[in-house]
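Have a look at the structure below, then the notes.
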Protein chains: 4
Amino acid sequence: MTKVGVWGGAGYTGGELLRLLSAHPGVELAQVASRSHAGEAVTKPHPHLRRLGGMKFSAELDPAGLDAIFLAGGHGEAMAWLPGVLSKGKALKVVDLSADFRLKDAAQYPVFYGKAHAAPALLADFVYGLPELDAAAVKRASKIANPGCFATAVALALGPLAKAGLGGAAQVTAVTGSSGSGASPSATTHHPAREGNLKAYKPLAHQHVPEIEAFLAKIAGKPSFALSMVPVSGPFVRGIYAICHVSVPESADLAGLYASAYADKAFVRLVDAPPDLKTVTGTNHCDLHVARKGTNAVIIAALDNLVKGAAGQAVQNLNLMLGLPETAGLEAVGVYP
Amino acid sequence: MTKVGVWGGAGYTGGELLRLLSAHPGVELAQVASRSHAGEAVTKPHPHLRRLGGMKFSAELDPAGLDAIFLAGGHGEAMAWLPGVLSKGKALKVVDLSADFRLKDAAQYPVFYGKAHAAPALLADFVYGLPELDAAAVKRASKIANPGCFATAVALALGPLAKAGLGGAAQVTAVTGSSGSGASPSATTHHPAREGNLKAYKPLAHQHVPEIEAFLAKIAGKPSFALSMVPVSGPFVRGIYAICHVSVPESADLAGLYASAYADKAFVRLVDAPPDLKTVTGTNHCDLHVARKGTNAVIIAALDNLVKGAAGQAVQNLNLMLGLPETAGLEAVGVYP
Amino acid sequence: MTKVGVWGGAGYTGGELLRLLSAHPGVELAQVASRSHAGEAVTKPHPHLRRLGGMKFSAELDPAGLDAIFLAGGHGEAMAWLPGVLSKGKALKVVDLSADFRLKDAAQYPVFYGKAHAAPALLADFVYGLPELDAAAVKRASKIANPGCFATAVALALGPLAKAGLGGAAQVTAVTGSSGSGASPSATTHHPAREGNLKAYKPLAHQHVPEIEAFLAKIAGKPSFALSMVPVSGPFVRGIYAICHVSVPESADLAGLYASAYADKAFVRLVDAPPDLKTVTGTNHCDLHVARKGTNAVIIAALDNLVKGAAGQAVQNLNLMLGLPETAGLEAVGVYP
Amino acid sequence: MTKVGVWGGAGYTGGELLRLLSAHPGVELAQVASRSHAGEAVTKPHPHLRRLGGMKFSAELDPAGLDAIFLAGGHGEAMAWLPGVLSKGKALKVVDLSADFRLKDAAQYPVFYGKAHAAPALLADFVYGLPELDAAAVKRASKIANPGCFATAVALALGPLAKAGLGGAAQVTAVTGSSGSGASPSATTHHPAREGNLKAYKPLAHQHVPEIEAFLAKIAGKPSFALSMVPVSGPFVRGIYAICHVSVPESADLAGLYASAYADKAFVRLVDAPPDLKTVTGTNHCDLHVARKGTNAVIIAALDNLVKGAAGQAVQNLNLMLGLPETAGLEAVGVYP
């Protein structure tokens, strides 16, 4: 059994990793670290995980006993921590869920994240892990930069067009649940202000746009989409709902394009009517719907930000790196309603 | 005092009309009719309106005792009912809150609403009542087709561009609260399915797009915007949140354009950051924010679908037709949070 | 493998049965019937269950191919349907999730449910299936009357006191999620009215009080608790949150009593602080907290109305009747937050 | 015009005071102070109050220009601040919305609030301001201790029984909205954890029980009710929903008792069915329903925690102290749904 460790396991994404890994048939959840919760029971921040009753957070992972690690710390933490661990020489599969290794060009980090990259030499080792659109690269990789939740939704929505050479301008509005802001209380997740409300933020200026554009260009083999994206905070806990407006040639066979792109993909499902969030929450699925009127088209994507948008996709990436079935540990059905 | 009657007063829009008119300093709420609730106390469907304690629904309005009427019935009902009333010869101000008189061309009704228009001769008498963008026409009118909630939000967002000749393609995503579906339970407003969920509907095919395009063309004096619109059902009760992507010339002074368009408008407020719904719910305000990056721009509009998107705007239109202050009866502040 | 059928499989409780049974290691989900959805795909009302992709609802179950059946129809339907099926002679394990066989005295049905019982001869065959408090009876049974959601919460909260002979008056307030009203839209589940709201109903007059009192008397071996219960409709989808006020002797060792009553029960967990709903939703757990001040005590129970309050407990009861591990098919962890 | 000042005006209760006072026909909102927001525009924390556009928070109130002050600081702040202000000699009407002056016995403060009282000499000057049950005392007062939200709901529910000498044990479960926790983010108001959830806290140990018991004893003229209270955090923003179980003599005429107690009270309404929160939110009303079965009775109270449970009642108390109509400034209707 592959021994895995989770670093930064006390947050929401960490909790989802623990939930999935503790029921995974092909890996052993061997260590969980959290600096802020070191010494505490795992069930303190994750009261639903009582089957992990005896487990406690350590302050650090011990790579000697591990084959693979998931990094679920805040943005900026992985790049500071990882070089030291790797320097010990242990060959490790790494899946980083932060933004730290998603961009290839170290010069972009100061622009989009406000500080210089702490480990630029490692950037080339990381593969952007969106398996439905770039499985071969993931299978060859030993280090994965796990896409963000907005990025996963938008890339799955636009990827088939990019591959078909049908890039261009895309106008995206994407609504996110409050769990996307993490487990620490803040003004934007204060219940009286969030409930019953909608509020856009960083319109046309979100820091995840570059990773989406770069990945779509990679799979297109040339510059592809230029995104105008407006993220919106929604009054619900889980989910990303992305509506992507594009222009397409009158002659393009969109239905055929999407059907063939996702024909054998377990986690992407094309649906006949616009999807809804609750059908996919708690699962690793992304539901996609394509609507079209002449040269205008809209692709709508729905997924769970903490699963397909984070922890579930991270496990999917590890599965592929390890040669396990892609769906291992990811087959549980969500509840509805 | 102008005596007003409300026809179709038992629904949510009817309730808002009663709330506003019962506190209006310049009109007298004289009659309330509802076929389905005839004989019942007004407080039965509207338990919050106990100051109307003694009032009951009649089956029909008696125009003899009225100077103005609000039609808050379902779509298709006003066009069937109004000709008979008008034939009695009483001069009445009319504000119809349904879609029945919003399009000028009777031939469009079968296309967008599925049946022929029942009173095509009256279409020419109606003015589309969006006061901030076409106040002069409203003041001259005696019959108003009150815009829908999506239409109000999108037209206020794009109107200044239309007037400046900067029309073109617009990609709109607009999220609506559940009160927009009315007071009758349905699958789309079933709490277990609606709560915590998002679901788009009629993507690129909503029936209110023609009235928006037509109105923007009217105020532009030429064909203006072509809309790609995706309506979304949101997990909240009140509000329309519309995100409108457009392309603009590099040289366009958007800030100046919007500031001058809405300089003296009491109900449209330009805000420095993206607006939120809860700041405007319960009020007749529409908050607008303009963001821009090069030639891409986004205009975000937030309003209360039952007030500025229906009953409040209807009262505003009556105020203008009567020569009253535009804000009469519409000055109450909403609650927050 | 035991072949099971679900009758009334299109509702919310039916959906939960299908979710649980389709992943159950010891049974085969062989048939699903729904009169209203006959011929339709199971995924039509249950879009999250796509792993049941090929399955369709039949109009009726065929007992010839079944070893056990779950009845998830509306109240009054099981008693009308079951005698005909049983008359065919097939020995079947039966778990009825409706109220039809919960009371022993046929004369009580007209009083509490408004109509005479249709199969009074069968009443004696049914065992009230609350395993944590009466496992021996469940194991011996072939027909189970599955407790309602309020009843499960209150009986688990008060059962240890009843067994210890500490019954008496209990004042209960219990809040339910909207899924408890079923999949059909109604005024009480209309989103605009339910969201952000609380509303009690049938105070001191709920029809499930007799089954709770009768069961507590059964396990006490004498008359035990008299309940004053106020059910409340809450603005959430899943859960029962029951707060039970009781008087206890100064000398009673409540902590010891509850610890010993639930020492080896997989699905009842005693927690040190008041429980919350989201820790248990999606699971078959009931979390209990006991607080006390002198002779006043409060027991607080939290469970998922569709799982421990319905489908999960039904599976648990079948497990016991079949001699399977009690937790078979019920070990999935819920998601949080 | 009476000149009023609000001290601690940046929180939710402060915002409600500003909303109500700025539209009050009989007082002038002259000053608003907030230490944490000194120098900021009032519309910064209260974006819905744009009609107060030019107003800014000062660091302190200047009593020289004021006739009355509302203290809306945190618990413990008023008792530290008020003596200094009163020592300047200006005669001021004072309404304190904190708990600082609600108990008569200074010795209780260390027990229930964890620190000694800072101004015990002032305790005797304050009257507990629940006008519907003790109007005469309020009218004679110059300093009011404004009851808390739980206390108002429970006291209005049980007051008529207390006055009739029908006190005794009362088992109370009361659910509160998230705005009751104030404007600062915290773990209990973090949206992902609060949404869709219920969680009791301080069962049988809430610090507001003593003020309720003391007030009921005062109006009863003797010891009256002993409360077992369980507060619950609910997944909504506004409201207190209190369910109070009591025992009453078979012969007691509850309907008559409540009808006569509240016959001429503008803000307490007896309703025929259990009340709901949304009918009262945004208003100063408390809706009450009495249900009974033999000697068991339940009184259910619904009110808005920020209005009748705080700012609205504070304004009502000032009205009575000033000899103004009790309803002045409090007549606005809430929105529904």
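Residues are referred to by chain and number: the chain letter is A, B, ... according to the order shown in the structure tokens, the number counts from 1 in that chain, and ligands are numbered separately from 1 in the order shown.
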
Could you please tell me, as JSON, numbers by chain, which residues of chain D have an atom within 7 Å of chain A when using only C-alpha atoms?
{"D": [178, 179, 185, 186, 187, 189, 190, 191, 192, 194, 237]}

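Residues lying within 9 Å of Pro274 of chain D, counting only C-alpha atoms and ignoring same-chain neighbours fewer than 4 positions away, are Lys199, Ala200, Tyr201, Lys202 and Pro203 of chain C; Asp287, Leu288, His289, Val290, Ala291, Ile300 and Ala301 of chain D.
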
Which polymer residues have any atom within 10 Å of an atom of Pro47 of chain A, counting only C-alpha atoms, with same-chain residues fewer than 2 positions away left out, as a ChimeraX atom specification?
/A:15,41-45,49-53 /C:275-276,278-280,336-337

Could you give me, as number ranges by chain, the residues within 10 Å of segment 214-220 of chain A, counting only C-alpha atoms and dropping anything in the same chain fewer than 3 positions from it?
A: 102-104, 128-130, 133-134, 147, 151, 154-156, 158-167, 209-211, 223-226

Taking the chain letters and numbering used in this document, name the residues of segment 295-337 of chain D that DSSP puts in strand (DSSP E), as a ChimeraX atom specification.
/D:296-303
